[in-house]
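In what follows, a single structure is set out as structure tokens and then discussed.
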Amino acid sequence: KLASVLLLLLAVFGTCYASTTNLAQPGGPLFSLFVLVVSALAAGQVLKLVKVPPMLGMLLVGIAMSNVPKVKDWTVLDPQISADLKTIALMVILMKGGLSLDIMDIKRVGFAVIRLAFLPCFVEATVFALLSVLLLDLPWIWGFMLGFVIAAVTPAIIVPCLDELKKRNYRIVDNNITTMLISASSFDDVVAISAYMVFLSSAFSDGKPLYLQIIQGPLEILIGISIGVVLGVILWVVPPTRDSKVDSRMRAMLVLFLGLSAVFGMGKVGYNGSGPLAVIVMCLTAIKGWQQDQLVTEVVDCLWYIGEPLLFGLVGRDIQFDFITTDILWKSIIVIFVSLSFRLITAFLAVSGIGLSLKEKIFVSFSWIPKATVQAAIGSYALAVATEKQADETVIGYSRTIVTVAVLIILVSAPLGSLLMYFTAPFLLQRVDQHERMSDDLELDSSVGKEK
């Protein structure tokens, strides 16, 4: 797959280089994007070999491209192009989340999925908001925006870790740990993104009458859900026939471009929070009517294979050391570890009373640490909106603080969470014998397959 993607990127770049004058030359946007994606892919693959989350390498490539002097001069990228590409990558993440959600998982695992998805998210976001106001000098709305950016876990790290532990014969299937973590992580992301968009809308509602500012958040949720349901129902009947690979490919194209239209269109009319929520609801509604369509999910996964290095690389480019002070750095680290502590405790309590042992509940808490994908997707979204609206320097400063903390939480929590899952498993989880493992394989594959 890697060789195919690299060949595709090279072919696209070669075509652009031959057909344009300056765009694909060093310093041009196409050249910069090509170098960014290829370098991020390579760095991610290297770290993957040593069991480190690949998105860290992608992130570091972006940071290097915006802070190393000679590299920075050769890889210039227009801020508006960067913002639009990150919005597209966000839309792909939302599609993956909506297509992977399954309401039946709640019935299968129980109310623990809801508790694990909601409680740690809201507790950590609230603690983070409070500390951000006290230590980072953010207003309350921006503090909660940052809190919900930070509060989302990432299935992109949790799922591979669970898959590796299954191969090592640890008991994570028959006790419902796997199903619970995968399902709750998807719901957790939806909750965090939706709450973030509500506060984002309130933050950029200046100039509107007070009553409109008050109802802005609930109104955007209602609009987003309504548009998503309507589009999802339309996708039940368009294309008209079923059980065809052609129809599945057409479904994938419709989901992609309807999602793009929703995100960019609602942003144009000033409802930035409605578009992303509409994409999630559209995919959730559509997949319910399709009764699962694996080919559509596979197409979205292929898009993410290129979207992931692009997104993390572009987010890394937003980190400029000139804007980061030592004071902001150490205060951010304090806020991160304090809020993570509250998250661990809440996650432990959320899975109490469902038959897990003390050690298994501790393992679930550690599994709820890794952050990466959502932080990369929405961490810089406020900065993009602020840039588009030509906000003042104060708002730009708040946006840069969110980007900085979002990158820090990725650098801290992604390796910390994955390492804790791997190295505490021998002490916290039981092993299963070969007969039990064979009977569990199908169940885990069905749970993990849709996330991969």
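Residues in the structure tokens are named by chain (A, B, ... in the order shown) and by number from 1 within that chain; ligands are numbered from 1 in the order shown.
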Using only C-alpha atoms, what table do you get, as a tab-separated table, when you list each residue of segment 368-417 of chain A with an atom no more than 10 Å from segment 135-150 of chain A, its nearest pair of atoms, and their distance in Å rounded to one decimal, rows by chain then rising number?
```
residue	atom	partner	partner_atom	distance
A:Lys371	CA	A:Ile150	CA	7.4
A:Ala372	CA	A:Ile150	CA	9.1
A:Val374	CA	A:Val149	CA	7.1
A:Gln375	CA	A:Val149	CA	5.6
A:Ala376	CA	A:Val149	CA	9.0
A:Ala377	CA	A:Val149	CA	9.2
A:Ile378	CA	A:Val149	CA	6.7
A:Gly379	CA	A:Val149	CA	6.1
A:Ser380	CA	A:Val149	CA	9.7
A:Ala382	CA	A:Met145	CA	8.9
A:Val395	CA	A:Trp142	CA	9.5
A:Gly397	CA	A:Leu138	CA	9.7
A:Tyr398	CA	A:Leu138	CA	6.8
A:Ser399	CA	A:Trp142	CA	8.5
A:Thr401	CA	A:Leu136	CA	8.3
A:Ile402	CA	A:Leu146	CA	5.8
A:Val403	CA	A:Leu146	CA	8.9
A:Val405	CA	A:Leu146	CA	8.1
A:Ala406	CA	A:Ile150	CA	6.4
A:Val407	CA	A:Ile150	CA	9.7
A:Leu408	CA	A:Ile150	CA	9.9
A:Ile409	CA	A:Ile150	CA	7.1
A:Ile410	CA	A:Ile150	CA	9.0
```
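Minimum atom-to-atom distance to Ser261 of chain A, evaluated using only C-alpha atoms, belongs to A:Met91 out of A:Val50, A:Leu116, A:Met65, A:Met91.
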Exercise for review: Counting only C-alpha atoms, figure out which residue out of A:Ile328, A:Ile396, A:Ile369, A:Leu419 gets nearest to Glu124 of chain A.
Suggested key: A:Ile369
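Remark: for Phe31 of chain A, the closest of the candidate residues A:Ala151, A:Leu329, A:Met55, A:Leu9 is A:Leu9 (distances computed over only C-alpha atoms).
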**Study point:** Pairwise distance for atom CA of Leu420 of chain A and atom CA of Tyr170 of chain A, rounded to one decimal in Å
**Key:**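 If I compute the distance from atom CA of Leu420 of chain A to atom CA of Tyr170 of chain A, I get 14.8 Å.
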Review point. Which polymer residues have any atom within 9 Å of an atom of segment 217-232 of chain A, counting only C-alpha atoms, with same-chain residues fewer than 2 positions away left out, as a ChimeraX atom specification?
Key: /A:194-195,197-202,213-215,234-236,255,258,262,266,271-289
Deliver the residues from the most recent selection as a file, using N, CA, C and O atoms, as a CSV table (one decimal), in the first residue's frame.
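Saved file again31.csv follows:
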```
chain,number,residue,atom,x,y,z
A,194,SER,N,-18.6,17.7,18.8
A,194,SER,CA,-19.9,18.4,18.8
A,194,SER,C,-19.9,19.5,19.9
A,194,SER,O,-20.3,20.7,19.6
A,195,ALA,N,-19.4,19.2,21.1
A,195,ALA,CA,-19.3,20.3,22.1
A,195,ALA,C,-18.3,21.4,21.7
A,195,ALA,O,-18.6,22.6,21.9
A,197,MET,N,-17.6,22.4,18.7
A,197,MET,CA,-18.2,23.3,17.7
A,197,MET,C,-19.2,24.2,18.3
A,197,MET,O,-19.4,25.3,17.8
A,198,VAL,N,-19.9,23.8,19.3
A,198,VAL,CA,-20.9,24.7,20.0
A,198,VAL,C,-20.1,25.9,20.6
A,198,VAL,O,-20.5,27.1,20.4
A,199,PHE,N,-19.0,25.7,21.3
A,199,PHE,CA,-18.3,26.8,21.9
A,199,PHE,C,-17.5,27.6,20.8
A,199,PHE,O,-17.4,28.8,20.9
A,200,LEU,N,-17.1,27.0,19.7
A,200,LEU,CA,-16.5,27.7,18.6
A,200,LEU,C,-17.5,28.7,18.0
A,200,LEU,O,-17.1,29.9,17.8
A,201,SER,N,-18.7,28.3,17.8
A,201,SER,CA,-19.8,29.2,17.3
A,201,SER,C,-20.0,30.4,18.3
A,201,SER,O,-20.1,31.5,17.8
A,202,SER,N,-20.0,30.1,19.5
A,202,SER,CA,-20.2,31.2,20.5
A,202,SER,C,-19.0,32.1,20.5
A,202,SER,O,-19.2,33.4,20.7
A,213,GLN,N,-26.7,35.2,20.3
A,213,GLN,CA,-25.5,34.6,20.8
A,213,GLN,C,-25.9,33.5,21.8
A,213,GLN,O,-25.2,32.4,21.9
A,214,ILE,N,-27.0,33.7,22.5
A,214,ILE,CA,-27.4,32.7,23.5
A,214,ILE,C,-27.9,31.4,22.8
A,214,ILE,O,-27.6,30.3,23.2
A,215,ILE,N,-28.6,31.6,21.7
A,215,ILE,CA,-29.2,30.4,21.0
A,215,ILE,C,-28.3,29.9,19.9
A,215,ILE,O,-28.7,28.9,19.3
A,234,ILE,N,-31.6,10.6,2.2
A,234,ILE,CA,-31.4,10.6,0.7
A,234,ILE,C,-30.5,9.5,0.2
A,234,ILE,O,-30.7,8.9,-0.8
A,235,LEU,N,-29.4,9.3,1.0
A,235,LEU,CA,-28.4,8.3,0.6
A,235,LEU,C,-29.0,6.9,0.7
A,235,LEU,O,-28.4,5.9,0.2
A,236,TRP,N,-30.1,6.7,1.4
A,236,TRP,CA,-30.8,5.4,1.4
A,236,TRP,C,-31.3,5.0,0.0
A,236,TRP,O,-31.3,3.8,-0.3
A,255,VAL,N,-21.1,10.5,-0.4
A,255,VAL,CA,-20.8,10.9,1.0
A,255,VAL,C,-19.6,11.9,1.1
A,255,VAL,O,-19.7,12.9,1.9
A,258,LEU,N,-21.0,15.4,-0.5
A,258,LEU,CA,-22.0,16.0,0.3
A,258,LEU,C,-21.4,16.5,1.7
A,258,LEU,O,-21.8,17.5,2.2
A,262,ALA,N,-21.4,20.3,3.0
A,262,ALA,CA,-21.9,20.6,4.3
A,262,ALA,C,-20.9,21.5,5.1
A,262,ALA,O,-21.3,22.5,5.7
A,266,MET,N,-21.8,25.4,5.3
A,266,MET,CA,-22.3,26.0,6.5
A,266,MET,C,-21.3,27.0,7.1
A,266,MET,O,-21.6,28.0,7.8
A,271,TYR,N,-22.2,29.3,10.1
A,271,TYR,CA,-22.6,28.2,11.1
A,271,TYR,C,-21.5,27.1,11.0
A,271,TYR,O,-21.7,26.0,10.5
A,272,ASN,N,-20.3,27.5,11.5
A,272,ASN,CA,-19.2,26.6,11.4
A,272,ASN,C,-19.3,25.3,12.2
A,272,ASN,O,-18.7,24.3,11.8
A,273,GLY,N,-20.2,25.3,13.2
A,273,GLY,CA,-20.4,24.1,14.0
A,273,GLY,C,-21.4,23.1,13.4
A,273,GLY,O,-21.3,21.9,13.7
A,274,SER,N,-22.2,23.6,12.5
A,274,SER,CA,-23.3,22.7,11.9
A,274,SER,C,-22.7,21.7,10.9
A,274,SER,O,-23.2,20.6,10.8
A,275,GLY,N,-21.8,22.2,10.1
A,275,GLY,CA,-21.2,21.3,9.0
A,275,GLY,C,-20.6,20.0,9.5
A,275,GLY,O,-21.0,18.9,9.1
A,276,PRO,N,-19.6,20.1,10.4
A,276,PRO,CA,-19.0,18.9,10.9
A,276,PRO,C,-20.1,17.9,11.6
A,276,PRO,O,-20.0,16.7,11.4
A,277,LEU,N,-21.0,18.5,12.3
A,277,LEU,CA,-22.0,17.7,13.0
A,277,LEU,C,-22.9,17.0,11.9
A,277,LEU,O,-23.3,15.8,12.1
A,278,ALA,N,-23.2,17.7,10.9
A,278,ALA,CA,-24.0,17.2,9.8
A,278,ALA,C,-23.4,16.0,9.1
A,278,ALA,O,-24.0,15.0,8.8
A,279,VAL,N,-22.0,16.0,9.0
A,279,VAL,CA,-21.3,14.9,8.4
A,279,VAL,C,-21.4,13.7,9.2
A,279,VAL,O,-21.7,12.6,8.7
A,280,ILE,N,-21.2,13.8,10.5
A,280,ILE,CA,-21.3,12.7,11.4
A,280,ILE,C,-22.7,12.1,11.4
A,280,ILE,O,-22.9,10.8,11.2
A,281,VAL,N,-23.7,12.9,11.5
A,281,VAL,CA,-25.1,12.4,11.5
A,281,VAL,C,-25.5,11.8,10.1
A,281,VAL,O,-26.2,10.8,10.1
A,282,MET,N,-25.0,12.4,9.1
A,282,MET,CA,-25.3,11.9,7.7
A,282,MET,C,-24.7,10.5,7.6
A,282,MET,O,-25.4,9.6,7.1
A,283,CYS,N,-23.5,10.3,8.0
A,283,CYS,CA,-22.9,8.9,7.9
A,283,CYS,C,-23.6,7.9,8.8
A,283,CYS,O,-23.8,6.8,8.4
A,284,LEU,N,-23.9,8.3,10.0
A,284,LEU,CA,-24.6,7.4,10.9
A,284,LEU,C,-25.9,7.0,10.4
A,284,LEU,O,-26.3,5.9,10.5
A,285,THR,N,-26.7,8.0,9.8
A,285,THR,CA,-28.0,7.7,9.3
A,285,THR,C,-27.9,6.8,8.0
A,285,THR,O,-28.6,5.9,7.9
A,286,ALA,N,-26.9,7.2,7.2
A,286,ALA,CA,-26.8,6.4,5.9
A,286,ALA,C,-26.4,4.9,6.2
A,286,ALA,O,-27.0,4.0,5.6
A,287,ILE,N,-25.5,4.7,7.1
A,287,ILE,CA,-25.0,3.3,7.3
A,287,ILE,C,-26.1,2.5,8.0
A,287,ILE,O,-26.1,1.3,7.8
A,288,LYS,N,-27.0,3.2,8.7
A,288,LYS,CA,-28.1,2.5,9.3
A,288,LYS,C,-29.1,2.0,8.2
A,288,LYS,O,-29.6,0.8,8.3
A,289,GLY,N,-29.3,2.8,7.2
A,289,GLY,CA,-30.1,2.3,6.1
A,289,GLY,C,-29.5,1.3,5.2
A,289,GLY,O,-30.2,0.5,4.6
```
Exercise for review: Counting only C-alpha atoms, figure out which residue out of A:Ile177, A:Leu165, A:Leu119, A:Ile334 gets nearest to Leu349 of chain A.
Suggested key: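 Answer, going by the shortest atom-to-atom distance: A:Leu119.
Going from atom CA of Val68 of chain A over to atom CA of Val385 of chain A, you cover 26.5 Å.
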Review point. Which residues, written as a VMD selection string, have at least one atom at most 12 Å from Val338 of chain A, with only C-alpha atoms counted and residues fewer than 5 positions away on the same chain left out?
Key: chain A and resid 123 to 132 331 to 333 343 to 345
Rows by chain and residue number, segment 29-78 of chain A within 10 Å of segment 154-157 of chain A, shortest pair, only C-alpha atoms, as JSON lines:
```
{"residue": "A:Val52", "atom": "CA", "partner": "A:Ile157", "partner_atom": "CA", "distance": 9.6}
{"residue": "A:Pro53", "atom": "CA", "partner": "A:Ile157", "partner_atom": "CA", "distance": 6.8}
{"residue": "A:Pro54", "atom": "CA", "partner": "A:Ile157", "partner_atom": "CA", "distance": 9.3}
{"residue": "A:Met55", "atom": "CA", "partner": "A:Ala156", "partner_atom": "CA", "distance": 9.4}
```
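Interatomic distance, atom CA of Ile336 of chain A against atom CA of Ile182 of chain A: 23.5 Å.
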Exercise for review: Please return as number ranges by chain: the residues of segment 205-421 of chain A that backbone DSSP assigns to alpha helix (DSSP H).
Suggested key: A: 210-237, 245-268, 274-290, 294-317, 326-350, 358-367, 373-378, 381-388, 393-421
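Among the candidates A:Ser32, A:Thr87, A:Thr346, A:Ser39, the one nearest to Gly267 of chain A when counting only C-alpha atoms is A:Thr87.
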**Study point:** Of the listed residues A:Cys121, A:Ile158, A:Ile306, A:Leu23, that which approaches Pro415 of chain A most closely, counting only C-alpha atoms
**Key:**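 Counting only C-alpha atoms, the residue closest to Pro415 of chain A is A:Ile158.
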